[in-house]
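A.B. asks: My structure file input_26.cif, mmCIF, C-alpha atoms and all ligand atoms, is below:
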data_entry
loop_
_atom_site.label_atom_id
_atom_site.label_comp_id
_atom_site.auth_asym_id
_atom_site.auth_seq_id
_atom_site.Cartn_x
_atom_site.Cartn_y
_atom_site.Cartn_z
CA MET I 17 -25.87 30.07 30.84
CA LYS I 18 -28.42 27.26 30.51
CA THR I 19 -29.01 24.84 33.37
CA VAL I 20 -30.16 21.27 32.77
CA TYR I 21 -32.20 19.89 35.67
CA SER I 22 -34.52 16.99 36.42
CA GLU I 23 -36.54 16.61 39.58
CA ASP I 24 -35.91 12.86 39.36
CA HIS I 25 -32.98 13.46 41.74
CA ARG I 26 -35.62 13.22 44.49
CA LEU I 27 -35.92 9.52 43.76
CA HIS I 28 -32.64 9.12 45.60
CA HIS I 29 -33.16 9.92 49.25
CA ALA I 30 -31.48 7.39 51.49
CA SER I 31 -32.45 7.16 55.13
CA ALA I 32 -29.07 7.27 56.87
CA GLU I 33 -25.30 7.21 56.57
CA LEU I 34 -22.66 5.93 58.99
CA ASN I 35 -20.71 8.88 60.36
CA ASP I 36 -18.28 8.76 63.30
CA GLY I 37 -19.68 5.34 64.18
CA GLU I 38 -23.25 6.55 64.26
CA MET I 39 -26.13 6.25 61.82
CA MET I 40 -27.09 9.84 60.94
CA PRO I 41 -29.36 11.50 58.38
CA CYS I 42 -27.59 11.67 55.01
CA PHE I 43 -25.67 14.86 54.27
CA GLU I 44 -26.29 14.11 50.60
CA LYS I 45 -30.01 14.90 50.37
CA PRO I 46 -32.57 16.33 47.92
CA ALA I 47 -32.60 19.77 49.57
CA ARG I 48 -29.10 20.33 48.16
CA ALA I 49 -30.29 20.36 44.56
CA ASP I 50 -33.43 22.30 45.51
CA GLN I 51 -31.24 25.08 46.91
CA VAL I 52 -29.05 25.22 43.83
CA LEU I 53 -32.09 25.34 41.56
CA ALA I 54 -33.67 28.10 43.66
CA GLU I 55 -30.51 30.19 43.40
CA VAL I 56 -30.20 29.61 39.63
CA GLU I 57 -33.74 31.01 39.38
CA ARG I 58 -33.18 33.89 41.82
CA ALA I 59 -29.95 34.98 40.12
CA GLU I 60 -31.58 34.67 36.67
CA LEU I 61 -28.59 32.69 35.46
CA GLY I 62 -30.50 31.60 32.35
CA PRO I 63 -33.10 29.08 31.13
CA ILE I 64 -33.65 25.87 33.08
CA ILE I 65 -34.36 22.96 30.75
CA PRO I 66 -35.14 19.25 31.26
CA PRO I 67 -32.72 16.58 30.01
CA ASP I 68 -33.20 14.58 26.82
CA ASP I 69 -32.98 10.79 27.11
CA HIS I 70 -29.69 9.67 25.56
CA GLY I 71 -30.24 6.08 26.70
CA GLU I 72 -27.83 3.72 28.45
CA ALA I 73 -25.17 3.49 25.75
CA PRO I 74 -23.23 6.63 26.78
CA ILE I 75 -23.33 5.48 30.42
CA ARG I 76 -21.92 2.10 29.39
CA ARG I 77 -19.06 3.88 27.56
CA VAL I 78 -17.70 4.70 31.02
CA HIS I 79 -19.15 2.06 33.35
CA THR I 80 -18.83 -1.68 32.82
CA ASP I 81 -21.82 -3.72 31.68
CA GLN I 82 -21.34 -5.98 34.71
CA TYR I 83 -21.64 -2.98 37.06
CA ILE I 84 -24.68 -1.47 35.33
CA ASP I 85 -26.45 -4.82 35.11
CA PHE I 86 -25.82 -5.41 38.82
CA PHE I 87 -27.05 -1.93 39.74
CA GLN I 88 -30.26 -2.24 37.71
CA SER I 89 -31.25 -5.54 39.27
CA ALA I 90 -29.85 -4.95 42.77
CA TRP I 91 -32.96 -3.63 44.51
CA SER I 92 -35.33 -6.30 43.20
CA ARG I 93 -32.91 -9.03 44.30
CA TRP I 94 -32.72 -7.39 47.74
CA ALA I 95 -36.49 -6.98 47.99
CA ASP I 96 -36.99 -10.63 46.92
CA LEU I 97 -35.09 -11.59 50.08
CA GLY I 98 -37.72 -9.72 52.09
CA ARG I 99 -35.40 -6.82 52.86
CA SER I 100 -36.74 -3.27 52.83
CA ASN I 101 -33.96 -1.14 54.35
CA ASP I 102 -31.49 0.70 52.13
CA MET I 103 -28.82 -1.59 50.65
CA LEU I 104 -25.37 -1.16 52.16
CA PRO I 105 -22.21 -3.25 51.68
CA LEU I 106 -20.43 -4.78 54.66
CA ALA I 107 -17.57 -6.80 53.17
CA TRP I 108 -14.79 -5.93 50.74
CA PRO I 109 -11.89 -7.87 49.26
CA PRO I 110 -8.63 -7.33 51.19
CA ARG I 111 -5.22 -7.08 49.50
CA ARG I 112 -3.78 -10.21 47.84
CA VAL I 113 -6.98 -11.96 46.86
CA GLN I 114 -8.03 -12.90 43.35
CA PRO I 115 -10.84 -10.45 42.65
CA ARG I 116 -13.77 -12.56 41.56
CA CYS I 117 -17.40 -11.60 41.66
CA PRO I 118 -19.41 -13.55 44.26
CA GLN I 119 -22.94 -14.79 43.52
CA ASP I 120 -24.54 -13.55 46.72
CA ILE I 121 -26.09 -10.07 46.78
CA ASP I 122 -24.13 -8.98 49.88
CA GLY I 123 -20.91 -10.21 48.31
CA GLN I 124 -21.70 -8.39 45.09
CA LEU I 125 -22.48 -5.18 46.99
CA GLY I 126 -18.92 -5.25 48.33
CA TYR I 127 -17.52 -6.20 44.93
CA PHE I 128 -19.13 -3.19 43.23
CA SER I 129 -18.28 -0.57 45.90
CA PHE I 130 -15.29 0.81 47.75
CA ASP I 131 -17.06 2.02 50.90
CA ALA I 132 -20.43 1.99 52.66
CA GLY I 133 -21.15 5.58 51.65
CA ALA I 134 -23.50 4.87 48.75
CA PRO I 135 -26.75 3.29 49.94
CA ILE I 136 -29.05 1.93 47.23
CA THR I 137 -32.79 2.51 47.60
CA ALA I 138 -35.69 1.18 45.52
CA THR I 139 -35.46 4.18 43.18
CA THR I 140 -31.75 5.06 43.27
CA TRP I 141 -31.11 3.68 39.78
CA GLN I 142 -33.87 5.87 38.29
CA ALA I 143 -32.45 8.94 40.03
CA VAL I 144 -28.86 8.41 38.96
CA TYR I 145 -29.88 7.42 35.42
CA SER I 146 -31.63 10.81 35.18
CA GLY I 147 -28.58 12.51 36.67
CA ALA I 148 -26.41 11.04 33.93
CA GLN I 149 -28.94 12.23 31.33
CA VAL I 150 -28.68 15.73 32.85
CA ALA I 151 -24.90 15.63 32.36
CA LEU I 152 -25.19 14.24 28.82
CA SER I 153 -27.80 16.81 27.82
CA ALA I 154 -25.75 19.69 29.21
CA ALA I 155 -22.67 18.35 27.37
CA ALA I 156 -24.69 18.32 24.13
CA LEU I 157 -25.49 22.02 24.65
CA LEU I 158 -21.79 22.81 24.13
CA GLN I 159 -22.36 22.21 20.40
CA HIS I 160 -24.06 25.63 20.38
CA GLU I 161 -23.17 27.30 23.67
CA ARG I 162 -19.89 28.28 25.30
CA GLN I 163 -20.93 27.18 28.79
CA ALA I 164 -23.58 24.96 30.38
CA PHE I 165 -24.51 23.77 33.86
CA ALA I 166 -25.54 20.20 34.66
CA LEU I 167 -27.37 20.37 38.00
CA CYS I 168 -26.65 16.76 38.89
CA ARG I 169 -27.55 15.06 42.14
CA PRO I 170 -26.30 12.77 43.68
CA PRO I 171 -22.66 13.57 42.84
CA GLY I 172 -20.50 11.27 40.72
CA HIS I 173 -16.77 11.80 40.99
CA HIS I 174 -16.04 8.98 43.46
CA ALA I 175 -17.70 6.38 41.21
CA GLY I 176 -15.32 4.33 39.05
CA ALA I 177 -16.02 2.21 36.01
CA ASP I 178 -17.27 -0.64 38.20
CA TYR I 179 -17.80 0.71 41.70
CA MET I 180 -19.89 3.12 43.73
CA GLY I 181 -18.97 4.89 46.97
CA GLY I 182 -18.85 8.28 48.69
CA TYR I 183 -22.45 9.23 47.77
CA CYS I 184 -21.61 8.50 44.09
CA TYR I 185 -23.03 5.88 41.69
CA LEU I 186 -22.55 7.05 38.10
CA ASN I 187 -19.65 9.35 37.26
CA ASN I 188 -21.64 12.15 35.62
CA ALA I 189 -18.59 14.27 34.75
CA ALA I 190 -16.73 11.31 33.22
CA ILE I 191 -19.82 10.27 31.24
CA ALA I 192 -20.11 13.85 29.94
CA ALA I 193 -16.40 14.02 29.07
CA GLN I 194 -16.59 10.72 27.17
CA SER I 195 -19.67 11.94 25.30
CA LEU I 196 -17.80 15.09 24.22
CA LEU I 197 -15.05 12.87 22.78
CA ASP I 198 -17.65 10.69 21.09
CA GLN I 199 -19.19 13.82 19.53
CA GLY I 200 -15.89 14.86 17.98
CA ALA I 201 -13.70 16.50 20.61
CA ARG I 202 -10.10 15.30 20.32
CA ARG I 203 -9.09 16.17 23.87
CA VAL I 204 -11.16 17.01 26.94
CA ALA I 205 -9.80 18.44 30.19
CA LEU I 206 -11.59 17.63 33.44
CA LEU I 207 -10.89 19.87 36.43
CA ASP I 208 -12.28 18.73 39.78
CA VAL I 209 -12.62 21.51 42.39
CA ASP I 210 -14.62 19.47 44.93
CA TYR I 211 -13.07 19.32 48.42
CA HIS I 212 -12.64 15.54 48.08
CA HIS I 213 -10.35 13.89 45.55
CA GLY I 214 -12.23 12.55 42.55
CA ASN I 215 -10.80 9.06 42.81
CA GLY I 216 -13.34 7.56 40.43
CA THR I 217 -12.61 10.08 37.70
CA GLN I 218 -8.86 9.60 38.13
CA ASP I 219 -9.27 5.83 37.88
CA ILE I 220 -11.50 5.99 34.78
CA PHE I 221 -9.01 8.08 32.78
CA TRP I 222 -5.80 6.80 34.45
CA THR I 223 -4.33 5.18 31.33
CA ARG I 224 -5.65 7.70 28.82
CA PRO I 225 -4.11 10.76 27.12
CA ASP I 226 -7.40 11.99 25.61
CA VAL I 227 -8.82 13.20 28.94
CA LEU I 228 -6.56 15.30 31.13
CA VAL I 229 -7.67 15.09 34.76
CA ALA I 230 -6.69 17.72 37.33
CA SER I 231 -8.01 17.76 40.89
CA ILE I 232 -7.60 20.22 43.78
CA HIS I 233 -8.59 18.61 47.08
CA ALA I 234 -7.84 17.86 50.70
CA ASP I 235 -4.70 15.77 51.20
CA PRO I 236 -5.72 12.09 51.17
CA ARG I 237 -3.22 11.36 53.96
CA VAL I 238 -5.69 13.05 56.30
CA GLU I 239 -8.98 13.16 54.41
CA TYR I 240 -11.46 11.01 52.56
CA PRO I 241 -11.18 9.16 50.17
CA PHE I 242 -7.76 8.42 51.77
CA PHE I 243 -6.36 6.02 49.15
CA ALA I 244 -5.97 8.26 46.11
CA GLY I 245 -5.21 11.86 45.28
CA HIS I 246 -1.52 12.11 46.16
CA ALA I 247 0.66 14.49 44.17
CA ASP I 248 2.80 11.69 42.71
CA GLU I 249 -0.18 9.99 40.99
CA ARG I 250 0.31 11.11 37.37
CA GLY I 251 -1.24 8.35 35.26
CA VAL I 252 0.36 5.29 33.67
CA GLY I 253 1.32 4.12 30.19
CA THR I 254 -0.11 6.37 27.52
CA GLY I 255 -1.90 8.22 30.34
CA GLU I 256 1.32 9.16 32.11
CA GLY I 257 1.50 12.90 32.73
CA PHE I 258 -2.22 13.40 32.05
CA ASN I 259 -3.31 13.23 35.70
CA HIS I 260 -2.52 16.11 38.04
CA ASN I 261 -3.30 16.17 41.75
CA TYR I 262 -3.12 19.17 44.04
CA PRO I 263 -3.48 17.87 47.61
CA LEU I 264 -3.81 20.72 50.13
CA PRO I 265 -3.85 20.68 53.95
CA PRO I 266 -7.00 21.09 56.04
CA GLY I 267 -7.64 24.77 56.75
CA THR I 268 -6.63 25.88 53.26
CA ALA I 269 -8.22 29.23 52.32
CA TRP I 270 -8.48 31.09 49.03
CA ALA I 271 -4.86 32.41 48.97
CA ALA I 272 -3.32 28.92 48.77
CA TRP I 273 -6.29 27.29 47.05
CA SER I 274 -6.21 29.80 44.20
CA GLN I 275 -2.48 29.18 43.65
CA ALA I 276 -3.27 25.54 43.01
CA LEU I 277 -6.10 26.65 40.70
CA GLN I 278 -3.72 28.89 38.80
CA ASP I 279 -1.31 26.02 38.24
CA ALA I 280 -4.10 23.63 37.27
CA LEU I 281 -5.48 26.16 34.78
CA ARG I 282 -1.99 26.59 33.31
CA VAL I 283 -1.78 22.82 32.83
CA VAL I 284 -5.27 22.74 31.30
CA ALA I 285 -4.46 25.58 28.89
CA GLY I 286 -1.20 23.86 27.90
CA TYR I 287 -3.18 20.75 27.00
CA ALA I 288 -5.25 22.84 24.53
CA PRO I 289 -8.45 20.84 25.01
CA ASP I 290 -11.52 21.18 22.80
CA ALA I 291 -13.69 21.33 25.92
CA LEU I 292 -13.38 21.64 29.69
CA VAL I 293 -15.52 19.78 32.23
CA ILE I 294 -15.57 21.16 35.78
CA SER I 295 -16.51 18.81 38.60
CA LEU I 296 -18.12 21.58 40.64
CA GLY I 297 -18.13 20.74 44.32
CA VAL I 298 -18.56 23.65 46.72
CA ASP I 299 -17.75 21.68 49.86
CA THR I 300 -14.55 23.79 49.98
CA PHE I 301 -16.78 26.37 51.73
CA SER I 302 -15.74 27.45 55.24
CA GLY I 303 -19.13 26.45 56.63
CA ASP I 304 -19.28 22.98 55.12
CA PRO I 305 -20.27 20.45 57.80
CA ILE I 306 -18.01 17.60 56.60
CA SER I 307 -15.05 19.49 55.12
CA GLN I 308 -12.06 21.52 56.32
CA PHE I 309 -11.24 24.18 53.72
CA ARG I 310 -12.03 27.87 54.28
CA LEU I 311 -13.34 29.35 51.05
CA GLN I 312 -15.81 32.25 51.37
CA GLY I 313 -18.77 33.28 49.24
CA ASP I 314 -16.96 35.79 47.02
CA ASP I 315 -14.08 33.38 46.42
CA TYR I 316 -16.46 31.39 44.23
CA LEU I 317 -16.95 34.40 41.94
CA ARG I 318 -13.16 34.65 41.52
CA MET I 319 -13.00 30.89 40.89
CA GLY I 320 -15.56 31.19 38.11
CA GLU I 321 -13.84 34.22 36.57
CA GLN I 322 -10.51 32.42 36.46
CA ILE I 323 -12.02 29.29 34.93
CA GLY I 324 -13.97 31.41 32.45
CA ALA I 325 -10.85 33.35 31.50
CA LEU I 326 -9.60 30.23 29.67
CA ARG I 327 -12.44 30.87 27.21
CA LEU I 328 -12.93 27.19 26.55
CA PRO I 329 -16.30 25.53 25.93
CA THR I 330 -17.01 24.61 29.53
CA LEU I 331 -19.46 22.23 31.17
CA PHE I 332 -20.04 22.59 34.90
CA VAL I 333 -21.22 19.39 36.60
CA MET I 334 -22.54 19.65 40.16
CA GLU I 335 -20.71 17.46 42.71
CA GLY I 336 -20.51 18.04 46.49
CA GLY I 337 -21.42 20.82 48.92
CA TYR I 338 -23.24 20.07 52.19
CA ALA I 339 -23.83 23.52 53.73
CA VAL I 340 -27.34 23.44 52.32
CA ALA I 341 -28.22 27.09 53.05
CA GLU I 342 -25.17 28.33 51.12
CA ILE I 343 -24.71 25.65 48.43
CA GLY I 344 -26.83 27.53 45.90
CA LEU I 345 -25.13 30.89 46.27
CA ASN I 346 -21.65 29.36 46.19
CA ALA I 347 -22.32 27.20 43.11
CA VAL I 348 -24.09 29.99 41.23
CA ASN I 349 -21.27 32.41 42.11
CA VAL I 350 -18.87 30.15 40.18
CA LEU I 351 -21.26 30.08 37.22
CA ARG I 352 -21.84 33.85 37.29
CA GLY I 353 -18.11 34.48 37.52
CA ALA I 354 -17.50 32.24 34.51
CA ALA I 355 -20.37 33.76 32.52
CA THR I 356 -18.90 37.27 32.82
CA GLN I 357 -15.77 36.05 31.00
CA LYS I 358 -17.68 34.64 28.07
C1 LIG V 401 -18.74 13.19 48.30
B1 LIG V 401 -18.29 14.34 47.45
C2 LIG V 401 -17.86 12.41 56.92
C3 LIG V 401 -17.61 11.21 56.05
C4 LIG V 401 -17.74 11.57 54.62
C5 LIG V 401 -18.03 10.56 52.41
C6 LIG V 401 -17.80 11.87 51.79
C7 LIG V 401 -18.26 11.85 50.35
C8 LIG V 401 -18.15 13.18 49.68
N1 LIG V 401 -17.55 12.13 58.28
N2 LIG V 401 -17.67 10.42 53.79
O1 LIG V 401 -16.93 14.34 47.14
O2 LIG V 401 -18.67 15.63 47.94
ZN ZN V 402 -16.78 16.42 48.12
#
Go ahead and render the structure in this file as structure tokens.

C.D. replies:
Amino acid sequence: MKTVYSEDHRLHHASAELNDGEMMPCFEKPARADQVLAEVERAELGPIIPPDDHGEAPIRRVHTDQYIDFFQSAWSRWADLGRSNDMLPLAWPPRRVQPRCPQDIDGQLGYFSFDAGAPITATTWQAVYSGAQVALSAAALLQHERQAFALCRPPGHHAGADYMGGYCYLNNAAIAAQSLLDQGARRVALLDVDYHHGNGTQDIFWTRPDVLVASIHADPRVEYPFFAGHADERGVGTGEGFNHNYPLPPGTAWAAWSQALQDALRVVAGYAPDALVISLGVDTFSGDPISQFRLQGDDYLRMGEQIGALRLPTLFVMEGGYAVAEIGLNAVNVLRGAATQK
């Protein structure tokens, strides 16, 4: 399996995140992607290739122009005010207000985010632009290959069409899925196995029947992102029935997790997609520092085998995983498991 990778991910390295009321070093850091790359090399998964530049157009197929334009100019507006710390929002619209975009930079930061978990640095846009190109380039590989791995960092699945949050800025998996449709796929399935619900992905495809979204994650009643991911969220209008959530309790281990996977894979197979995109978070790992599932190293091999057994053209897009020492082995186990089924 080929891996697409760019070292531009290093251009996003924020200084701190707010955790339990305290500013702490970011869990989402460059070492994560370094570890995954090192394990791809060690396991000899396949060639590692740089992304091609597909430009902004395929990003703007998923994200609004208003959001992208804001993002691109955000840091220079901030710096022009004499500010040099990472940008973080501090105010959001409450319920029952007319959503209108303020003029002020701090107001706009709140308008284009849903939490304070996505700091913008001077070079964040460059990093996430490259990350989206990694996803697009790996998606393009599916023209000739059965499987491909987009080693994206930072993750993307919490980002919606016009908001960032939860370490996410551009929804790499959604951008890849849309590009597969634009290249001729009639239906794409997107399965999110990250510990956290992919609220941005769900939102992006909420009204649409051409992308089936399934997500296995910690129950939002007790876990981030809290406001989406419940089992009764199934899409609306023409999208009704094309969104499937599998919320599971904290402490879930492979036995129960894999039952949800089995059902999700049954739903995916029934949809008969032309391609499958996996939002590959490995923060389901027992040793993850911010998560509460109990998957073990070998479980990721089984996960990959079961995904691979669908024998669909499959794109794996890296999302979360914060146990840095183990992130590489766990992610590559999924890929190796899938590759044996090819
Ligand atoms: C991004 B992805 C921990 C707070 C965590 C944000 C989590 C974002 C996860 N006390 N808040 O889904 O892996
Ligand atoms: Zn996660």

A.B. asks: Hey, can you check how far CA of His212 (chain I) sits from CA of Ala288 (chain I)?

C.D. replies: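 Separation between CA of His212 (chain I) and CA of Ala288 (chain I): 25.7 Å.
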
A.B. asks: To check your reading of the model: which residues sit at most 7 Å from ligand ZN 402 (chain V) when counting only C-alpha atoms and all ligand atoms? Write the answer as a ChimeraX atom specification.

C.D. replies: /I:210-212,297,299,335-337

A.B. asks: Could you name the residues that touch region 90-107 of chain I at 8 Å or less, counting all atoms listed in the file, but leaving out those on the same chain fewer than 2 positions away, as an NGL selection string?

C.D. replies: :I and (30-31 or 86-88 or 109 or 121-123 or 125-126 or 129 or 131-138)

A.B. asks: Please, which residues have at least one atom within 10 Å of an atom of ligand LIG 401 (chain V), using all atoms listed in the file, listed as JSON, numbers by chain?

C.D. replies: {"I": [33, 34, 35, 36, 37, 38, 42, 43, 44, 131, 132, 133, 134, 170, 171, 172, 173, 174, 175, 181, 182, 183, 184, 208, 209, 210, 211, 212, 213, 214, 215, 233, 239, 240, 241, 295, 296, 297, 298, 299, 300, 305, 306, 307, 334, 335, 336, 337, 338]}

A.B. asks: The selected residues should be written to file as a PDB file, in the frame of the given file (atoms: C-alpha atoms).

C.D. replies:
ATOM      1  CA  GLU I  33     -25.300   7.210  56.570  1.00  0.00           C
ATOM      2  CA  LEU I  34     -22.660   5.930  58.990  1.00  0.00           C
ATOM      3  CA  ASN I  35     -20.710   8.880  60.360  1.00  0.00           C
ATOM      4  CA  ASP I  36     -18.280   8.760  63.300  1.00  0.00           C
ATOM      5  CA  GLY I  37     -19.680   5.340  64.180  1.00  0.00           C
ATOM      6  CA  GLU I  38     -23.250   6.550  64.260  1.00  0.00           C
ATOM      7  CA  CYS I  42     -27.590  11.670  55.010  1.00  0.00           C
ATOM      8  CA  PHE I  43     -25.670  14.860  54.270  1.00  0.00           C
ATOM      9  CA  GLU I  44     -26.290  14.110  50.600  1.00  0.00           C
ATOM     10  CA  ASP I 131     -17.060   2.020  50.900  1.00  0.00           C
ATOM     11  CA  ALA I 132     -20.430   1.990  52.660  1.00  0.00           C
ATOM     12  CA  GLY I 133     -21.150   5.580  51.650  1.00  0.00           C
ATOM     13  CA  ALA I 134     -23.500   4.870  48.750  1.00  0.00           C
ATOM     14  CA  PRO I 170     -26.300  12.770  43.680  1.00  0.00           C
ATOM     15  CA  PRO I 171     -22.660  13.570  42.840  1.00  0.00           C
ATOM     16  CA  GLY I 172     -20.500  11.270  40.720  1.00  0.00           C
ATOM     17  CA  HIS I 173     -16.770  11.800  40.990  1.00  0.00           C
ATOM     18  CA  HIS I 174     -16.040   8.980  43.460  1.00  0.00           C
ATOM     19  CA  ALA I 175     -17.700   6.380  41.210  1.00  0.00           C
ATOM     20  CA  GLY I 181     -18.970   4.890  46.970  1.00  0.00           C
ATOM     21  CA  GLY I 182     -18.850   8.280  48.690  1.00  0.00           C
ATOM     22  CA  TYR I 183     -22.450   9.230  47.770  1.00  0.00           C
ATOM     23  CA  CYS I 184     -21.610   8.500  44.090  1.00  0.00           C
ATOM     24  CA  ASP I 208     -12.280  18.730  39.780  1.00  0.00           C
ATOM     25  CA  VAL I 209     -12.620  21.510  42.390  1.00  0.00           C
ATOM     26  CA  ASP I 210     -14.620  19.470  44.930  1.00  0.00           C
ATOM     27  CA  TYR I 211     -13.070  19.320  48.420  1.00  0.00           C
ATOM     28  CA  HIS I 212     -12.640  15.540  48.080  1.00  0.00           C
ATOM     29  CA  HIS I 213     -10.350  13.890  45.550  1.00  0.00           C
ATOM     30  CA  GLY I 214     -12.230  12.550  42.550  1.00  0.00           C
ATOM     31  CA  ASN I 215     -10.800   9.060  42.810  1.00  0.00           C
ATOM     32  CA  HIS I 233      -8.590  18.610  47.080  1.00  0.00           C
ATOM     33  CA  GLU I 239      -8.980  13.160  54.410  1.00  0.00           C
ATOM     34  CA  TYR I 240     -11.460  11.010  52.560  1.00  0.00           C
ATOM     35  CA  PRO I 241     -11.180   9.160  50.170  1.00  0.00           C
ATOM     36  CA  SER I 295     -16.510  18.810  38.600  1.00  0.00           C
ATOM     37  CA  LEU I 296     -18.120  21.580  40.640  1.00  0.00           C
ATOM     38  CA  GLY I 297     -18.130  20.740  44.320  1.00  0.00           C
ATOM     39  CA  VAL I 298     -18.560  23.650  46.720  1.00  0.00           C
ATOM     40  CA  ASP I 299     -17.750  21.680  49.860  1.00  0.00           C
ATOM     41  CA  THR I 300     -14.550  23.790  49.980  1.00  0.00           C
ATOM     42  CA  PRO I 305     -20.270  20.450  57.800  1.00  0.00           C
ATOM     43  CA  ILE I 306     -18.010  17.600  56.600  1.00  0.00           C
ATOM     44  CA  SER I 307     -15.050  19.490  55.120  1.00  0.00           C
ATOM     45  CA  MET I 334     -22.540  19.650  40.160  1.00  0.00           C
ATOM     46  CA  GLU I 335     -20.710  17.460  42.710  1.00  0.00           C
ATOM     47  CA  GLY I 336     -20.510  18.040  46.490  1.00  0.00           C
ATOM     48  CA  GLY I 337     -21.420  20.820  48.920  1.00  0.00           C
ATOM     49  CA  TYR I 338     -23.240  20.070  52.190  1.00  0.00           C
TER      50      TYR I 338
END

A.B. asks: Taking all atoms listed in the file into account, name the residue in I:Cys117, I:Ala177, I:Val238, I:Ile75 that is nearest to Gln308 (chain I).

C.D. replies: I:Val238

A.B. asks: In the coordinates of the file, take the point (-20.0, 25.8, 42.9) and a cut-off of 12 Å; then, counting only C-alpha atoms, name each qualifying protein, DNA or RNA residue as a ChimeraX atom specification.

C.D. replies: /I:48-49,51-52,55-56,165-168,208-211,294-301,311-320,323,332-339,342-354

A.B. asks: With distances taken over only C-alpha atoms, which residue among I:Arg250, I:His29, I:His260, I:Arg237 lies nearest Ala205 (chain I)?

C.D. replies: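 Of I:Arg250, I:His29, I:His260, I:Arg237, the one nearest Ala205 (chain I) is I:His260, counting only C-alpha atoms.
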
A.B. asks: Rank I:Arg111, I:Arg202, I:Arg116, I:Arg76 by their smallest atom-to-atom distance to Asp226 (chain I), using only C-alpha atoms, and report the top residue only.

C.D. replies: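 Using only C-alpha atoms, Asp226 (chain I) sits closest to I:Arg202.
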
A.B. asks: What is the CA of Ala272 (chain I) to CA of Phe242 (chain I) distance in Å?

C.D. replies: 21.2 Å

A.B. asks: Can you pull out every residue within 12 Å of Ala156 (chain I), counting all atoms listed in the file, but drop anything in the same chain fewer than 3 positions away, and send it as a VMD selection string?

C.D. replies: chain I and resid 18 20 67 to 70 149 to 153 159 to 166 191 to 201 291 329 to 331

A.B. asks: Check the smallest atom-to-atom distance from each of I:Trp270, I:Val283, I:Gly257, I:Thr223 to Leu207 (chain I) using all atoms listed in the file, then report the winner.

C.D. replies: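 The closest residue to Leu207 (chain I) is I:Val283.
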
A.B. asks: Can you build me a table of region 111-197 of chain I residues sitting at most 9 Å from region 79-82 of chain I, with the closest atom pair per residue and its distance in Å to one decimal, using all atoms listed in the file, sorted by chain and residue number, as a Markdown table?

C.D. replies:
| residue | atom | partner | partner_atom | distance |
| --- | --- | --- | --- | --- |
| I:Gly176 | CA | I:His79 | CA | 7.2 |
| I:Ala177 | CA | I:His79 | CA | 4.1 |
| I:Asp178 | CA | I:Thr80 | CA | 5.7 |
| I:Tyr179 | CA | I:His79 | CA | 8.6 |
| I:Leu186 | CA | I:His79 | CA | 7.7 |
| I:Asn187 | CA | I:His79 | CA | 8.3 |
| I:Ile191 | CA | I:His79 | CA | 8.5 |

A.B. asks: Would you work out the distance separating CA of Ser274 (chain I) from CA of Leu228 (chain I), expressed in Å to one decimal?

C.D. replies: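 CA of Leu228 (chain I) lies 19.5 Å from CA of Ser274 (chain I).
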
A.B. asks: Of the candidates I:Asp304, I:Ala154, I:Met180, I:Tyr145, which one gets nearest to Tyr127 (chain I) if we count only C-alpha atoms?

C.D. replies: I:Met180

A.B. asks: Which residues are close to Leu264 (chain I), i.e. within 8 Å by all atoms listed in the file, leaving aside same-chain residues fewer than 6 positions away? Reply as a PyMOL selection string.

C.D. replies: chain I and resi 232-235+273

A.B. asks: Go through I:Gly245, I:Gln322, I:Gly71, I:Val78 and flag the residue nearest Gln275 (chain I), using all atoms listed in the file for the distances.

C.D. replies: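 The answer is I:Gln322, which sits nearest to Gln275 (chain I).
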
A.B. asks: Within 7 Å of Ala247 (chain I), counting only C-alpha atoms, which residues qualify if same-chain residues fewer than 3 places away don't, as a PyMOL selection string?

C.D. replies: chain I and resi 261-263

A.B. asks: Can you spit out the residues from that selection as a CSV table (one decimal), in the coordinates of the input, using C-alpha atoms?

C.D. replies:
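Generated file (again.csv):
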chain,number,residue,atom,x,y,z
I,261,ASN,CA,-3.3,16.2,41.8
I,262,TYR,CA,-3.1,19.2,44.0
I,263,PRO,CA,-3.5,17.9,47.6

A.B. asks: Name all residues at most 8 Å from Ser146 (chain I) (count only C-alpha atoms; drop same-chain ones fewer than 2 positions away) and give them as a CSV table (one decimal) with C-alpha atoms, in the frame of the given file.

C.D. replies:
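The resulting file, part_5.csv, is reproduced below:
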chain,number,residue,atom,x,y,z
I,22,SER,CA,-34.5,17.0,36.4
I,24,ASP,CA,-35.9,12.9,39.4
I,25,HIS,CA,-33.0,13.5,41.7
I,67,PRO,CA,-32.7,16.6,30.0
I,142,GLN,CA,-33.9,5.9,38.3
I,143,ALA,CA,-32.4,8.9,40.0
I,144,VAL,CA,-28.9,8.4,39.0
I,148,ALA,CA,-26.4,11.0,33.9
I,149,GLN,CA,-28.9,12.2,31.3
I,150,VAL,CA,-28.7,15.7,32.8
